[in-house]
Amino acid sequence: MKYRVTLLLMFMNIGICLAQHAGLKVHHLGANHTLIQVLEPQKYLLLPIEEAAPEATVNVLVNNQCDQTLNVRLAMNRVDYLVPFNLEEYKGKCVSFNIHTGNSRANVRDAMEDACWGEIVLSNTYHAENTEKFRPLYHHTPLWGWMNDPNGMFYKDGLYHLCYQYNPYGSMWGNLSWGHSTSKDLVNWKHEPVALVPDGLGLVFSGSCVVDKNNTAGFGKDAVVAIYTSAGASQIQSLAYSLDNGITFQTYEGNPIITSDKECRDPNMFWHEKSGKWILILAAALEKEMWIYSSPDLKNWTKESSFGKGYGAQEGVWECPDLMELPVRGTDKTKWVLICNINPGGPFGGSAAQYFVGDFDGKTFTCNSNPEVTKWMDYGKDHYATVSWSNAPENRHTVIAWMSNWQYANNVPTQQYRSANSLPRDLELFQGEDGECYLATTPASEIESLRAGAAMKYGSFSAGTRKVSKKLPIVNSGVCEIALELNARSAEMVYITLANAKGEETVMSYDLGKQVFSMDRTKSGLTEFSKDFPAVTVAPCPKGNKQALRLFIDRCSIEAFEGEGRFAMTNLVFPDEPYTTIAISTAKGTCKVNNLIVYPLNVNK
């Protein structure tokens, strides 16, 4: 027995020695416990990730004190990809990683065989180039890691700031921080350092930012103030502020600023001129309500009212609110719109964004529709957490969404990154045939700057039961914008098919008898990663034979907009090869295509 113990100890010591890498010393202390010392720091420690692996708890020790804690799916059987941990902020300090793995290894010898220990390395570089065939070319994405809700969006000094729920340490949900990007034109994005990171109050969930022009909070004139949900044992609301235009944030020492015994999150705030106060909308998720608060200084908040009991879609939790005053087309009137994102409960399963139109007096929102009425911002499956930029120029109300669905967001066929944002969209209201007001959603005009090269102008032509096909661009993975005007004439059903040489296709259709537009992605490409992904989505379309449509095609998405924005539909698609043709056909009878223009799009990524 003594001999066996001696051999085991010798084996363990040899294992520690073999596990050393340049600048690292790895101590295997048990089946689920490893300590890594950084001896010769470089810019990054590259962490090997396997998405099927259980999460390991990684405590980052600085001079033997715990500085932060991460949950990382360290590779057991294979390495899917590497993610960087930035060591630069710890220059001159002793750094080590105290790791408790979630594996099921029976002993330290088996644990030492985990794939991560052979691949974890120090490096002065991390290659974040686009290595994914499905990474969008003109939609915003993180360079690496997981992204969901857009957060803290504001405009200041010529820059649009877009923060987002971010996991820098893997392409699945976790370690939520605020990633950060900026843009001068809503099209080309620069990746900035992470804006907010978890602290002792919890992860950094969704929230919003405002520019405090009158120094109401006392942090300074034009300070950028963020309010967000700290998600620890409970969900509470915290504040941070920036004095350098949002590049770095300082957390407020008086946090939290709003607490509740209910689950509530995603604060969204704005300045209400008529009442001379800040207004904050907070989602009481499980209550299926929005709570409305007011404040003179962004620090001290008074609950004024609530809205939502029994209104609209009630199946899922309520999240990510926004409240804004919008003009009604063709009139001098305005109405207030309360955006409410829900999950699940969307019209085609999973997550979606609904909205309510009504009046707001500085304290109470009153909906103009009956409680049973549900209005959807977008009729696709991949449009969630929609919120607007604050302080936008010319009183614009421009929104952006997370382009995915909680039913399958963690499983879409990408790895270096997961999730993109929708195109930015401008909002206004129009009056429907029933007298109700509805959102009009149009792509931001800046997107037209992407048009490059000669447009493919196909003019007018007739189509019947036999498909009439036209070519799509082949450059830049076929990304393009399509403008289509048609007159259905005698055809009640008109089909618009995007297809490639492999037989993969996305089929859109107008059923003018039922006044609906639909998109069928059941044969669009890769779909098997989720039973909920193959789907047909349906939107109401305007009455009449004449229809106009704008389509935006990227490597993994199709966004469809009615010509005047009277419906929008956003769906992910994952074709093995880019779509190369657009075809028009009918179920019976003939239709006239009055105009078809395809714009190739230029990209800088």
# chains A, B, ... in the order shown; residues from 1 in each chain; ligands from 1
$ residues_around --residues "Ala75 of chain A" --least-positions-apart "4" --cutoff "12 Å" --atoms "only C-alpha atoms" --output "mmCIF file with C-alpha atoms, in the first residue's frame"
data_model
loop_
_atom_site.group_PDB
_atom_site.id
_atom_site.type_symbol
_atom_site.label_atom_id
_atom_site.label_comp_id
_atom_site.auth_asym_id
_atom_site.auth_seq_id
_atom_site.Cartn_x
_atom_site.Cartn_y
_atom_site.Cartn_z
ATOM 1 C CA LEU A 47 -8.841 29.872 -22.210
ATOM 2 C CA PRO A 48 -9.844 26.713 -24.154
ATOM 3 C CA ILE A 49 -13.641 26.372 -24.428
ATOM 4 C CA GLU A 50 -15.830 23.337 -25.097
ATOM 5 C CA GLU A 51 -19.490 24.269 -25.275
ATOM 6 C CA ALA A 52 -20.693 20.833 -24.180
ATOM 7 C CA ALA A 53 -18.567 20.986 -21.031
ATOM 8 C CA PRO A 54 -20.019 21.977 -17.636
ATOM 9 C CA GLU A 55 -19.129 25.394 -16.302
ATOM 10 C CA ALA A 56 -16.010 25.744 -14.179
ATOM 11 C CA VAL A 79 -11.351 22.487 -27.740
ATOM 12 C CA ASP A 80 -14.023 24.321 -29.746
ATOM 13 C CA TYR A 81 -12.300 27.708 -29.609
ATOM 14 C CA LEU A 82 -10.170 29.972 -27.398
ATOM 15 C CA VAL A 83 -11.216 33.154 -25.588
ATOM 16 C CA THR A 101 -14.305 22.451 -12.466
ATOM 17 C CA GLY A 102 -17.747 20.989 -12.914
ATOM 18 C CA ASN A 103 -16.514 17.769 -14.473
ATOM 19 C CA ALA A 111 -8.883 15.293 -14.386
ATOM 20 C CA MET A 112 -5.370 15.973 -15.654
ATOM 21 C CA GLU A 113 -6.418 14.521 -19.024
ATOM 22 C CA ASP A 114 -8.991 17.271 -19.624
ATOM 23 C CA ALA A 115 -8.277 18.955 -22.954
ATOM 24 C CA CYS A 116 -8.042 22.448 -21.475
ATOM 25 C CA TRP A 117 -4.819 21.803 -19.562
ATOM 26 C CA GLY A 118 -2.898 21.016 -22.724
ATOM 27 C CA GLU A 119 -4.130 24.081 -24.592
ATOM 28 C CA ILE A 120 -4.229 26.896 -22.033
ATOM 29 C CA GLY A 170 -17.652 31.976 -24.222
#
$ select_by_dssp --residues "segment 319-554 of chain A" --states "strand (DSSP E)" --output "ChimeraX atom specification"
/A:319-327,334-343,352-360,365-367,375-376,384-388,398-402,417-418,425-431,437-443,456-457,461-463,468-471,480-487,493-499,505-511,516-520,536-540,546-554
$ closest_residue --among "A:Val538, A:Leu484, A:Thr581, A:Arg566" --to "Val468 of chain A" --atoms "only C-alpha atoms"
A:Thr581
$ residues_around --residues "Asn148 of chain A" --least-positions-apart "4" --cutoff "7 Å" --atoms "only C-alpha atoms" --output "JSON, numbers by chain"
{"A": [164, 165, 166, 402, 419]}
$ write_last_selection --atoms "N, CA and C atoms" --output "PDB file, in the first residue's frame"
ATOM      1  N   TYR A 164     -24.316  46.252 -24.891  1.00  0.00           N
ATOM      2  CA  TYR A 164     -25.074  45.013 -25.085  1.00  0.00           C
ATOM      3  C   TYR A 164     -24.686  44.002 -24.022  1.00  0.00           C
ATOM      4  N   GLN A 165     -25.610  43.099 -23.738  1.00  0.00           N
ATOM      5  CA  GLN A 165     -25.339  41.996 -22.824  1.00  0.00           C
ATOM      6  C   GLN A 165     -24.253  41.114 -23.438  1.00  0.00           C
ATOM      7  N   TYR A 166     -23.182  40.910 -22.672  1.00  0.00           N
ATOM      8  CA  TYR A 166     -21.971  40.333 -23.269  1.00  0.00           C
ATOM      9  C   TYR A 166     -21.332  39.320 -22.333  1.00  0.00           C
ATOM     10  N   TRP A 402     -32.042  42.650 -30.656  1.00  0.00           N
ATOM     11  CA  TRP A 402     -31.233  41.433 -30.652  1.00  0.00           C
ATOM     12  C   TRP A 402     -31.845  40.494 -31.683  1.00  0.00           C
ATOM     13  N   SER A 419     -24.746  35.714 -31.994  1.00  0.00           N
ATOM     14  CA  SER A 419     -25.801  36.722 -32.106  1.00  0.00           C
ATOM     15  C   SER A 419     -25.329  38.006 -32.765  1.00  0.00           C
TER      16      SER A 419
END
$ residues_around --residues "segment 227-232 of chain A" --least-positions-apart "5" --cutoff "8 Å" --atoms "only C-alpha atoms" --output "PDB file with all heavy atoms, in the first residue's frame"
ATOM      1  N   PRO A 198     -19.387  42.748 -13.852  1.00  0.00           N
ATOM      2  CA  PRO A 198     -20.020  42.344 -12.596  1.00  0.00           C
ATOM      3  C   PRO A 198     -19.225  42.822 -11.377  1.00  0.00           C
ATOM      4  O   PRO A 198     -18.000  42.962 -11.427  1.00  0.00           O
ATOM      5  CB  PRO A 198     -20.035  40.812 -12.681  1.00  0.00           C
ATOM      6  CG  PRO A 198     -19.990  40.518 -14.152  1.00  0.00           C
ATOM      7  CD  PRO A 198     -19.141  41.604 -14.746  1.00  0.00           C
ATOM      8  N   LEU A 201     -22.543  43.165  -6.277  1.00  0.00           N
ATOM      9  CA  LEU A 201     -24.007  43.137  -6.307  1.00  0.00           C
ATOM     10  C   LEU A 201     -24.548  42.174  -7.360  1.00  0.00           C
ATOM     11  O   LEU A 201     -25.747  41.919  -7.394  1.00  0.00           O
ATOM     12  CB  LEU A 201     -24.564  44.543  -6.552  1.00  0.00           C
ATOM     13  CG  LEU A 201     -24.310  45.559  -5.433  1.00  0.00           C
ATOM     14  CD1 LEU A 201     -24.879  46.929  -5.816  1.00  0.00           C
ATOM     15  CD2 LEU A 201     -24.914  45.085  -4.114  1.00  0.00           C
ATOM     16  N   GLY A 202     -23.674  41.663  -8.232  1.00  0.00           N
ATOM     17  CA  GLY A 202     -24.141  40.664  -9.187  1.00  0.00           C
ATOM     18  C   GLY A 202     -23.706  40.953 -10.611  1.00  0.00           C
ATOM     19  O   GLY A 202     -22.896  41.851 -10.890  1.00  0.00           O
ATOM     20  N   LEU A 203     -24.252  40.167 -11.524  1.00  0.00           N
ATOM     21  CA  LEU A 203     -24.023  40.366 -12.954  1.00  0.00           C
ATOM     22  C   LEU A 203     -24.656  41.678 -13.401  1.00  0.00           C
ATOM     23  O   LEU A 203     -25.566  42.204 -12.748  1.00  0.00           O
ATOM     24  CB  LEU A 203     -24.610  39.209 -13.754  1.00  0.00           C
ATOM     25  CG  LEU A 203     -24.071  37.807 -13.448  1.00  0.00           C
ATOM     26  CD1 LEU A 203     -24.835  36.758 -14.268  1.00  0.00           C
ATOM     27  CD2 LEU A 203     -22.583  37.710 -13.724  1.00  0.00           C
ATOM     28  N   VAL A 204     -24.198  42.187 -14.541  1.00  0.00           N
ATOM     29  CA  VAL A 204     -24.736  43.434 -15.082  1.00  0.00           C
ATOM     30  C   VAL A 204     -25.772  43.076 -16.143  1.00  0.00           C
ATOM     31  O   VAL A 204     -25.427  42.736 -17.274  1.00  0.00           O
ATOM     32  CB  VAL A 204     -23.626  44.308 -15.675  1.00  0.00           C
ATOM     33  CG1 VAL A 204     -24.201  45.637 -16.160  1.00  0.00           C
ATOM     34  CG2 VAL A 204     -22.544  44.562 -14.632  1.00  0.00           C
ATOM     35  N   PHE A 205     -27.044  43.130 -15.763  1.00  0.00           N
ATOM     36  CA  PHE A 205     -28.130  42.871 -16.704  1.00  0.00           C
ATOM     37  C   PHE A 205     -28.467  44.157 -17.473  1.00  0.00           C
ATOM     38  O   PHE A 205     -27.760  45.154 -17.402  1.00  0.00           O
ATOM     39  CB  PHE A 205     -29.355  42.346 -15.954  1.00  0.00           C
ATOM     40  CG  PHE A 205     -29.354  40.854 -15.721  1.00  0.00           C
ATOM     41  CD1 PHE A 205     -28.203  40.098 -15.843  1.00  0.00           C
ATOM     42  CD2 PHE A 205     -30.522  40.198 -15.356  1.00  0.00           C
ATOM     43  CE1 PHE A 205     -28.211  38.722 -15.625  1.00  0.00           C
ATOM     44  CE2 PHE A 205     -30.551  38.829 -15.133  1.00  0.00           C
ATOM     45  CZ  PHE A 205     -29.397  38.085 -15.266  1.00  0.00           C
ATOM     46  N   SER A 206     -29.585  44.153 -18.177  1.00  0.00           N
ATOM     47  CA  SER A 206     -29.921  45.231 -19.097  1.00  0.00           C
ATOM     48  C   SER A 206     -30.267  46.528 -18.373  1.00  0.00           C
ATOM     49  O   SER A 206     -30.662  46.539 -17.210  1.00  0.00           O
ATOM     50  CB  SER A 206     -31.087  44.807 -19.990  1.00  0.00           C
ATOM     51  OG  SER A 206     -30.709  43.717 -20.795  1.00  0.00           O
ATOM     52  N   GLY A 207     -30.162  47.625 -19.114  1.00  0.00           N
ATOM     53  CA  GLY A 207     -30.481  48.940 -18.592  1.00  0.00           C
ATOM     54  C   GLY A 207     -30.339  49.981 -19.685  1.00  0.00           C
ATOM     55  O   GLY A 207     -30.294  49.655 -20.874  1.00  0.00           O
ATOM     56  N   SER A 208     -30.244  51.248 -19.287  1.00  0.00           N
ATOM     57  CA  SER A 208     -30.230  52.336 -20.258  1.00  0.00           C
ATOM     58  C   SER A 208     -29.276  53.432 -19.810  1.00  0.00           C
ATOM     59  O   SER A 208     -28.830  53.462 -18.659  1.00  0.00           O
ATOM     60  CB  SER A 208     -31.634  52.909 -20.448  1.00  0.00           C
ATOM     61  OG  SER A 208     -32.152  53.391 -19.211  1.00  0.00           O
ATOM     62  N   CYS A 209     -28.963  54.349 -20.731  1.00  0.00           N
ATOM     63  CA  CYS A 209     -28.111  55.500 -20.446  1.00  0.00           C
ATOM     64  C   CYS A 209     -28.804  56.777 -20.896  1.00  0.00           C
ATOM     65  O   CYS A 209     -29.566  56.777 -21.873  1.00  0.00           O
ATOM     66  CB  CYS A 209     -26.779  55.401 -21.190  1.00  0.00           C
ATOM     67  SG  CYS A 209     -25.602  54.220 -20.523  1.00  0.00           S
ATOM     68  N   GLN A 237     -31.609  47.579  -8.781  1.00  0.00           N
ATOM     69  CA  GLN A 237     -31.232  48.535  -9.818  1.00  0.00           C
ATOM     70  C   GLN A 237     -30.061  49.385  -9.322  1.00  0.00           C
ATOM     71  O   GLN A 237     -30.100  49.928  -8.218  1.00  0.00           O
ATOM     72  CB  GLN A 237     -32.416  49.418 -10.201  1.00  0.00           C
ATOM     73  CG  GLN A 237     -33.735  48.674 -10.396  1.00  0.00           C
ATOM     74  CD  GLN A 237     -33.625  47.388 -11.206  1.00  0.00           C
ATOM     75  OE1 GLN A 237     -33.019  47.373 -12.278  1.00  0.00           O
ATOM     76  NE2 GLN A 237     -34.214  46.300 -10.706  1.00  0.00           N
ATOM     77  N   SER A 238     -29.033  49.471 -10.153  1.00  0.00           N
ATOM     78  CA  SER A 238     -27.813  50.178  -9.804  1.00  0.00           C
ATOM     79  C   SER A 238     -27.527  51.289 -10.803  1.00  0.00           C
ATOM     80  O   SER A 238     -28.070  51.314 -11.911  1.00  0.00           O
ATOM     81  CB  SER A 238     -26.624  49.206  -9.766  1.00  0.00           C
ATOM     82  OG  SER A 238     -26.773  48.266  -8.731  1.00  0.00           O
ATOM     83  N   LEU A 239     -26.638  52.204 -10.396  1.00  0.00           N
ATOM     84  CA  LEU A 239     -26.291  53.367 -11.209  1.00  0.00           C
ATOM     85  C   LEU A 239     -24.783  53.419 -11.401  1.00  0.00           C
ATOM     86  O   LEU A 239     -24.006  53.076 -10.514  1.00  0.00           O
ATOM     87  CB  LEU A 239     -26.797  54.638 -10.527  1.00  0.00           C
ATOM     88  CG  LEU A 239     -26.608  55.989 -11.228  1.00  0.00           C
ATOM     89  CD1 LEU A 239     -27.738  56.936 -10.852  1.00  0.00           C
ATOM     90  CD2 LEU A 239     -25.272  56.633 -10.878  1.00  0.00           C
ATOM     91  N   ALA A 240     -24.374  53.855 -12.575  1.00  0.00           N
ATOM     92  CA  ALA A 240     -22.973  54.158 -12.865  1.00  0.00           C
ATOM     93  C   ALA A 240     -22.946  55.418 -13.715  1.00  0.00           C
ATOM     94  O   ALA A 240     -23.947  55.782 -14.341  1.00  0.00           O
ATOM     95  CB  ALA A 240     -22.296  52.996 -13.588  1.00  0.00           C
ATOM     96  N   ARG A 265     -36.482  44.198 -13.570  1.00  0.00           N
ATOM     97  CA  ARG A 265     -35.222  44.405 -14.298  1.00  0.00           C
ATOM     98  C   ARG A 265     -35.406  45.330 -15.498  1.00  0.00           C
ATOM     99  O   ARG A 265     -36.497  45.764 -15.827  1.00  0.00           O
ATOM    100  CB  ARG A 265     -34.656  43.073 -14.761  1.00  0.00           C
ATOM    101  CG  ARG A 265     -35.588  42.187 -15.576  1.00  0.00           C
ATOM    102  CD  ARG A 265     -34.864  40.892 -15.937  1.00  0.00           C
ATOM    103  NE  ARG A 265     -35.726  39.903 -16.575  1.00  0.00           N
ATOM    104  CZ  ARG A 265     -36.352  38.919 -15.921  1.00  0.00           C
ATOM    105  NH1 ARG A 265     -36.233  38.826 -14.598  1.00  0.00           N
ATOM    106  NH2 ARG A 265     -37.086  38.049 -16.571  1.00  0.00           N
ATOM    107  N   ASP A 266     -34.269  45.641 -16.128  1.00  0.00           N
ATOM    108  CA  ASP A 266     -34.173  46.327 -17.414  1.00  0.00           C
ATOM    109  C   ASP A 266     -34.684  47.771 -17.362  1.00  0.00           C
ATOM    110  O   ASP A 266     -35.533  48.180 -18.167  1.00  0.00           O
ATOM    111  CB  ASP A 266     -34.930  45.556 -18.505  1.00  0.00           C
ATOM    112  CG  ASP A 266     -34.598  44.079 -18.521  1.00  0.00           C
ATOM    113  OD1 ASP A 266     -33.515  43.723 -18.053  1.00  0.00           O
ATOM    114  OD2 ASP A 266     -35.432  43.283 -18.993  1.00  0.00           O
ATOM    115  N   PRO A 267     -34.203  48.612 -16.444  1.00  0.00           N
ATOM    116  CA  PRO A 267     -34.703  49.985 -16.353  1.00  0.00           C
ATOM    117  C   PRO A 267     -34.400  50.785 -17.618  1.00  0.00           C
ATOM    118  O   PRO A 267     -33.312  50.712 -18.175  1.00  0.00           O
ATOM    119  CB  PRO A 267     -33.940  50.551 -15.146  1.00  0.00           C
ATOM    120  CG  PRO A 267     -32.699  49.703 -15.052  1.00  0.00           C
ATOM    121  CD  PRO A 267     -33.113  48.338 -15.482  1.00  0.00           C
ATOM    122  N   ASN A 268     -35.395  51.552 -18.056  1.00  0.00           N
ATOM    123  CA  ASN A 268     -35.239  52.415 -19.223  1.00  0.00           C
ATOM    124  C   ASN A 268     -35.741  53.802 -18.849  1.00  0.00           C
ATOM    125  O   ASN A 268     -36.855  53.948 -18.358  1.00  0.00           O
ATOM    126  CB  ASN A 268     -36.026  51.859 -20.412  1.00  0.00           C
ATOM    127  CG  ASN A 268     -35.621  52.515 -21.709  1.00  0.00           C
ATOM    128  OD1 ASN A 268     -35.794  53.706 -21.892  1.00  0.00           O
ATOM    129  ND2 ASN A 268     -35.069  51.727 -22.627  1.00  0.00           N
TER     130      ASN A 268
END
$ residues_around --residues "segment 434-436 of chain A" --least-positions-apart "6" --cutoff "9 Å" --atoms "only C-alpha atoms" --output "VMD selection string"
chain A and resid 357 368 to 369
$ closest_residue --among "A:Gly200, A:Asn151, A:Pro542, A:Tyr160" --to "Cys320 of chain A" --atoms "only C-alpha atoms"
A:Asn151
$ closest_residue --among "A:Met147, A:Met569, A:Leu186, A:Met269" --to "Asp426 of chain A" --atoms "only C-alpha atoms"
A:Leu186
$ atom_distance --atom1 "atom CA of Arg425 of chain A" --atom2 "atom CA of Asn411 of chain A"
26.7 Å
$ closest_residue --among "A:Ala385, A:Met403, A:Val337, A:Met377" --to "Phe360 of chain A" --atoms "only C-alpha atoms"
A:Val337
$ residues_around --residues "Glu289 of chain A" --least-positions-apart "4" --cutoff "6 Å" --atoms "only C-alpha atoms" --output "short mmCIF file (atom, residue, chain, number, x, y, z; two decimals) with all heavy atoms, in the first residue's frame"
data_model
loop_
_atom_site.label_atom_id
_atom_site.label_comp_id
_atom_site.auth_asym_id
_atom_site.auth_seq_id
_atom_site.Cartn_x
_atom_site.Cartn_y
_atom_site.Cartn_z
N ALA A 284 -41.51 44.53 -14.29
CA ALA A 284 -41.80 43.56 -13.23
C ALA A 284 -42.09 42.25 -13.93
O ALA A 284 -43.24 41.95 -14.28
CB ALA A 284 -42.97 44.02 -12.38
N PHE A 307 -48.52 49.50 -15.20
CA PHE A 307 -49.36 49.20 -16.36
C PHE A 307 -49.11 47.77 -16.80
O PHE A 307 -47.97 47.30 -16.79
CB PHE A 307 -49.06 50.13 -17.54
CG PHE A 307 -49.69 49.67 -18.83
CD1 PHE A 307 -51.04 49.91 -19.07
CD2 PHE A 307 -48.97 48.92 -19.75
CE1 PHE A 307 -51.64 49.44 -20.23
CE2 PHE A 307 -49.56 48.46 -20.91
CZ PHE A 307 -50.90 48.72 -21.16
N GLY A 308 -50.18 47.09 -17.21
CA GLY A 308 -49.99 45.82 -17.88
C GLY A 308 -50.90 44.69 -17.47
O GLY A 308 -51.08 43.75 -18.22
#
$ closest_residue --among "A:Leu45, A:Val516, A:Ile553, A:Leu526" --to "Leu498 of chain A" --atoms "only C-alpha atoms"
A:Ile553
$ closest_atom_pairs --of "segment 212-330 of chain A" --to "segment 188-196 of chain A" --cutoff "8 Å" --atoms "only C-alpha atoms" --output "Markdown table"
| residue | atom | partner | partner_atom | distance |
| --- | --- | --- | --- | --- |
| A:Gly246 | CA | A:Ala195 | CA | 7.6 |
| A:Ile247 | CA | A:Ala195 | CA | 6.7 |
| A:Thr248 | CA | A:Ala195 | CA | 5.9 |
| A:Phe249 | CA | A:Ala195 | CA | 6.4 |
$ residues_around --residues "segment 598-601 of chain A" --least-positions-apart "5" --cutoff "9 Å" --atoms "only C-alpha atoms" --output "list of chain:residue names"
A:Tyr138, A:Glu448, A:Ser449, A:Leu450, A:Arg451, A:Ala452, A:Gly453, A:Ala454, A:Ala455, A:Met456, A:Lys457, A:Tyr458, A:Lys471, A:Leu472, A:Pro473, A:Ile474, A:Val475, A:Asn476, A:Gly478, A:Val479, A:Cys480, A:Glu481, A:Ile482, A:Ala483, A:Leu484
$ write_last_selection --atoms "N, CA and C atoms" --output "tab-separated table (two decimals), in the first residue's frame"
chain	number	residue	atom	x	y	z
A	138	TYR	N	-22.81	43.07	-42.54
A	138	TYR	CA	-23.15	44.47	-42.30
A	138	TYR	C	-24.08	44.68	-41.11
A	448	GLU	N	-28.58	52.99	-46.59
A	448	GLU	CA	-28.43	53.15	-48.04
A	448	GLU	C	-26.99	53.45	-48.44
A	449	SER	N	-26.17	53.92	-47.49
A	449	SER	CA	-24.77	54.19	-47.81
A	449	SER	C	-23.99	52.91	-48.12
A	450	LEU	N	-24.55	51.77	-47.78
A	450	LEU	CA	-23.89	50.49	-48.08
A	450	LEU	C	-24.00	50.10	-49.55
A	451	ARG	N	-24.93	50.70	-50.26
A	451	ARG	CA	-25.10	50.35	-51.67
A	451	ARG	C	-23.82	50.67	-52.44
A	452	ALA	N	-23.34	49.71	-53.22
A	452	ALA	CA	-22.06	49.88	-53.90
A	452	ALA	C	-22.12	49.22	-55.28
A	453	GLY	N	-21.44	49.84	-56.24
A	453	GLY	CA	-21.41	49.25	-57.57
A	453	GLY	C	-22.73	49.46	-58.29
A	454	ALA	N	-22.82	48.84	-59.44
A	454	ALA	CA	-24.01	49.01	-60.28
A	454	ALA	C	-25.17	48.19	-59.73
A	455	ALA	N	-26.31	48.85	-59.56
A	455	ALA	CA	-27.52	48.13	-59.16
A	455	ALA	C	-27.96	47.21	-60.29
A	456	MET	N	-28.55	46.09	-59.90
A	456	MET	CA	-29.07	45.13	-60.87
A	456	MET	C	-30.55	45.48	-61.10
A	457	LYS	N	-30.81	46.22	-62.18
A	457	LYS	CA	-32.15	46.74	-62.44
A	457	LYS	C	-32.88	45.82	-63.41
A	458	TYR	N	-33.88	45.12	-62.90
A	458	TYR	CA	-34.61	44.16	-63.72
A	458	TYR	C	-35.91	44.73	-64.26
A	471	LYS	N	-30.93	36.89	-61.19
A	471	LYS	CA	-29.71	36.63	-60.43
A	471	LYS	C	-29.55	37.62	-59.29
A	472	LEU	N	-28.92	37.14	-58.22
A	472	LEU	CA	-28.50	37.97	-57.11
A	472	LEU	C	-26.99	38.14	-57.18
A	473	PRO	N	-26.42	39.12	-56.49
A	473	PRO	CA	-24.97	39.32	-56.53
A	473	PRO	C	-24.22	38.11	-55.98
A	474	ILE	N	-23.00	37.92	-56.46
A	474	ILE	CA	-22.16	36.85	-55.93
A	474	ILE	C	-21.01	37.40	-55.08
A	475	VAL	N	-20.72	38.70	-55.19
A	475	VAL	CA	-19.65	39.29	-54.37
A	475	VAL	C	-20.12	39.43	-52.93
A	476	ASN	N	-19.16	39.49	-52.00
A	476	ASN	CA	-19.47	39.68	-50.57
A	476	ASN	C	-20.51	38.69	-50.06
A	478	GLY	N	-22.90	37.42	-51.41
A	478	GLY	CA	-24.25	37.66	-51.91
A	478	GLY	C	-25.08	38.61	-51.09
A	479	VAL	N	-24.49	39.34	-50.16
A	479	VAL	CA	-25.29	40.24	-49.33
A	479	VAL	C	-25.85	41.35	-50.22
A	480	CYS	N	-27.10	41.71	-49.98
A	480	CYS	CA	-27.74	42.67	-50.87
A	480	CYS	C	-29.00	43.24	-50.25
A	481	GLU	N	-29.48	44.30	-50.88
A	481	GLU	CA	-30.80	44.88	-50.59
A	481	GLU	C	-31.66	44.72	-51.84
A	482	ILE	N	-32.90	44.33	-51.66
A	482	ILE	CA	-33.82	44.12	-52.79
A	482	ILE	C	-35.03	45.02	-52.62
A	483	ALA	N	-35.36	45.76	-53.66
A	483	ALA	CA	-36.58	46.58	-53.67
A	483	ALA	C	-37.51	46.01	-54.73
A	484	LEU	N	-38.71	45.65	-54.30
A	484	LEU	CA	-39.66	44.97	-55.18
A	484	LEU	C	-41.01	45.66	-55.14
$ atom_distance --atom1 "atom CA of Tyr417 of chain A" --atom2 "atom CA of Asn59 of chain A"
23.7 Å
$ closest_residue --among "A:Asp185, A:Asp576, A:Glu253, A:Asp67" --to "Ala499 of chain A" --atoms "only C-alpha atoms"
A:Asp576
$ atom_distance --atom1 "atom CA of Cys94 of chain A" --atom2 "atom CA of Pro41 of chain A"
9.2 Å
$ select_by_dssp --residues "segment 292-461 of chain A" --states "helix (DSSP H, G or I)" --output "list in words"
Pro393, Glu394, Asn395, Ala409, Asn410, Asn411, Ser445, Glu446, Ile447, Glu448, Ser449 and Leu450 of chain A
